[in-house]
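**Student:** First, the structure itself, so that you have it in front of you.
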Amino acid sequence: MGSLHPWNLQKAAKHLLQGQHQHLLQERATNVNKCFPIWGFYACVRYLSSGEVFTALKPFFFAVHPDLFGQHPRERAVNENSLKQLNEYIESASHERTVRPTRLTFYLRNGNGGSTSGVPVPPPPKPVHNGAFQSVRIDLGQKNVRETVYTILEKCNLPTSYVDSLPKSPPPKQPRPNPFSAPGAASDHWRPPSAKDADSDIKQKKAVQDDLGNFLDKNVEPARKKLVECWPIREEIIRLRKDICDKLGVSDIVWDCGWGTRHFRGCLQSFQAMASQHPECMEVLKGRTVVFGRDTGVSLDGHVILFSGEVRSNWLDLIKRVHLHDALILRIPNVESALSRALKDIKVVHRKFQPTRLAETYEVHLRKLITSIGDYRGRQSFPAEWPVDLSHLELVVEAEAGPLMISPTGQIIVPSSCPAFLLVNFITSHMEEASQKLEQYKTQKYTEIELHEKCVKVFNLVALQKDDNVTPHLMIECCSRLLSRSTELSSLLKGTHLWITTYYSVLSDGEICIPWNWK
């Protein structure tokens with residue numbers, strides 16, 4: 001069951017919650033416990049939070065997921081079709097469109113059981129023979145999410161103890177007085193007495209939270225404990241990576257997803273199982289880098305990108321087609337050169353800090369911009385104030401939707417759908433700014449490396465990393481301020497894994513996230 005990832009479960013739970021919005025409620029005084037049938041349609045209300053829905057339905061998602069029926073195509077097809085209908089039902093409800101009551105059929109294997117975090121979850125299915133499944137019919141159209149969840153679990157003979165422990169109805173709403181009759185309404189908006197000092201309370205709590213010392217005092221010990229607990233997982237990841245690289249000849253395996261180490265281990269286990277089942281398809285991976293990321297495809301560097309939230313069959317489909325992308329990757333430099341020549345030898349490069357780009361879509365974006373510039377040159381020339389060539393500038397072509405801007409590192413970011421005249425005017429107005437930022441970056445990147453190494457040594461950190469949106473300038477500022485308070489912070493940060501981001505948090509792996517502009 002290595003191909004089942006929490007991403008799939010959270011997405012399904014999120015859709016189910018969104019699909020239970022209130023529909024066709026014409027009067028606010030209507031009883032929220034009522035279901036509204038109108039010409040055979042139903043509108044539902046929700047009593048559960050997204051987290052409660054996710055936790056309650058986890059056993060169901062694990063029990064009916066099509067990946068569990070790989071050796072039984074008929075049952076797999078039925079479950080896939082039912083899940084599609086379920087998604088369509090939820091999608092219609094989430095867009096506030098009326099929906100008809102729906103009956104769905106799912107296959108479950110006999111003998112569900114097990115427990116995870118107090119919520120019963122079926123164990124990974126063992127190979128079963130035809131006839132060892134039970135067919136379950138589920139009717140959608142209950143009064144609220146609680147009843148919907150309860151019905152699903154009950155029909156599938158799954159425990160409902162978690163749902164039973166949740167409140168059966170939302171807390172009663174307090175009637176709001178007439179704002180025009182409330183004291184002070186003529187001069188200000190009326191606010192309930194309980195919210196009188198809400199703004200000041202929020203500001204005070206935010207100020208306390210933004211203080212790095214207070215945050216570390218409260219969270220360092222729990223973070224260290226989580227970090228120690230995850231060491232066995234990290235060691236297993238190292239072992240799995242080495243085994244896969246040695247057996248398949250893969251040059252490296254990169255985790256670029258944003259999930260924690262447990263998910264990385266799950267992906268490695270799924271990938272290893274897939275490789276053992278289809279060894280003949282793995283020859284193409286020799287000498288390549290495999291990246292578990294947020295998309296599926298082949299990057300501009302020839303890396304094989306596998307979406308960590310997809311099932312193994314989709315990974316295998318891509319691996320079988322990897323050789324088709326090689327010719328495309330070989331064409332990319334020529335297309336970039338064509339765009340460079342069209343813009344007076346400007347350097348066509350990639351962002352210094354960004355997620356991995358896929359080769360297939362990148363070529364389309366390049367050609368679209370080349371066509372636009374060619375049409376512009378057919379009507380008029382470039383501005384007379386432009387230099388003979390623009391080789392001192394860097395241009396990054398991105399997706400059709402995006403900003404036309406100068407990045408913090410001095411690169412000109414242009415969406416492929418940008419009209420050529422806008423791009424020309426933008427380059428004319430921001431040429432000097434782009435040149436200055438490029439020169440600054442050349443020195444800042446070495447300063448960042450030096451400060452990074454110094455912080456790791458001074459604070460005795462396990463690791464120091466940063467998000468892609470934290471530029472060298474911001475990282476330099478953050479590290480410099482950390483070092484200026486080394487006496488105060490060294491004991492708190494010792495032995496921690498620190499991430500420089502834009503928020504405070506402690507991840508499940510024990511990694512501590514702090515904003516670059518901490519106070």
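Chain labels run A, B, ... following the order of the structure tokens; each chain numbers its residues from 1, and ligands are numbered from 1 in the order shown.
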Any idea what's packed within 12 Å of Thr371 in chain A, counting only C-alpha atoms, ignoring anything in its chain fewer than 5 positions away? Could you give it as an NGL selection string?
**Tutor:** :A and (335 or 338-339 or 342-343 or 364-366 or 376-378 or 416-420)
**Student:** Identify, on the basis of only C-alpha atoms, every residue whose closest approach to Gly410 in chain A does not exceed 7 Å; exclude the query and any residue fewer than 3 positions from it along the same chain; express the result as a PDB file with N, CA and C atoms, in the first residue's frame.
**Tutor:**
```
ATOM      1  N   ILE A 406      11.109  42.235 -12.447  1.00  0.00           N
ATOM      2  CA  ILE A 406      12.523  42.002 -12.206  1.00  0.00           C
ATOM      3  C   ILE A 406      12.634  41.201 -10.914  1.00  0.00           C
ATOM      4  N   SER A 407      13.288  40.047 -10.968  1.00  0.00           N
ATOM      5  CA  SER A 407      13.431  39.226  -9.773  1.00  0.00           C
ATOM      6  C   SER A 407      14.446  39.857  -8.832  1.00  0.00           C
ATOM      7  N   ALA A 434      17.903  46.006 -13.601  1.00  0.00           N
ATOM      8  CA  ALA A 434      18.253  44.601 -13.759  1.00  0.00           C
ATOM      9  C   ALA A 434      19.768  44.399 -13.710  1.00  0.00           C
ATOM     10  N   SER A 435      20.511  45.293 -14.345  1.00  0.00           N
ATOM     11  CA  SER A 435      21.970  45.176 -14.353  1.00  0.00           C
ATOM     12  C   SER A 435      22.540  45.324 -12.942  1.00  0.00           C
ATOM     13  N   LYS A 437      21.041  44.724 -10.012  1.00  0.00           N
ATOM     14  CA  LYS A 437      20.703  43.579  -9.176  1.00  0.00           C
ATOM     15  C   LYS A 437      21.515  42.341  -9.548  1.00  0.00           C
ATOM     16  N   LEU A 438      21.807  42.176 -10.843  1.00  0.00           N
ATOM     17  CA  LEU A 438      22.643  41.055 -11.260  1.00  0.00           C
ATOM     18  C   LEU A 438      24.039  41.155 -10.650  1.00  0.00           C
TER      19      LEU A 438
END
```
**Student:** Given the choices A:Val349, A:Ala223, A:Leu482, A:Leu140, which gets closest to Ser505 in chain A if the distance is worked out from only C-alpha atoms?
**Tutor:**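 The answer is A:Ala223, which sits nearest to Ser505 in chain A.
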**Student:** Using only C-alpha atoms, which of A:Arg341, A:Lys84, A:Lys242, A:Arg321 sits nearest Thr296 in chain A?
**Tutor:**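 Going through A:Arg341, A:Lys84, A:Lys242, A:Arg321 one by one, the smallest distance to Thr296 in chain A is for A:Arg321.
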**Student:** Would you list, as a ChimeraX atom specification, the residues of range 276-484 of chain A that end up in strand (DSSP E or B) under DSSP run on this structure's backbone?
**Tutor:** /A:289-293,297-299,304-307,347-349,358,394-398,405-406,412-415,463-466
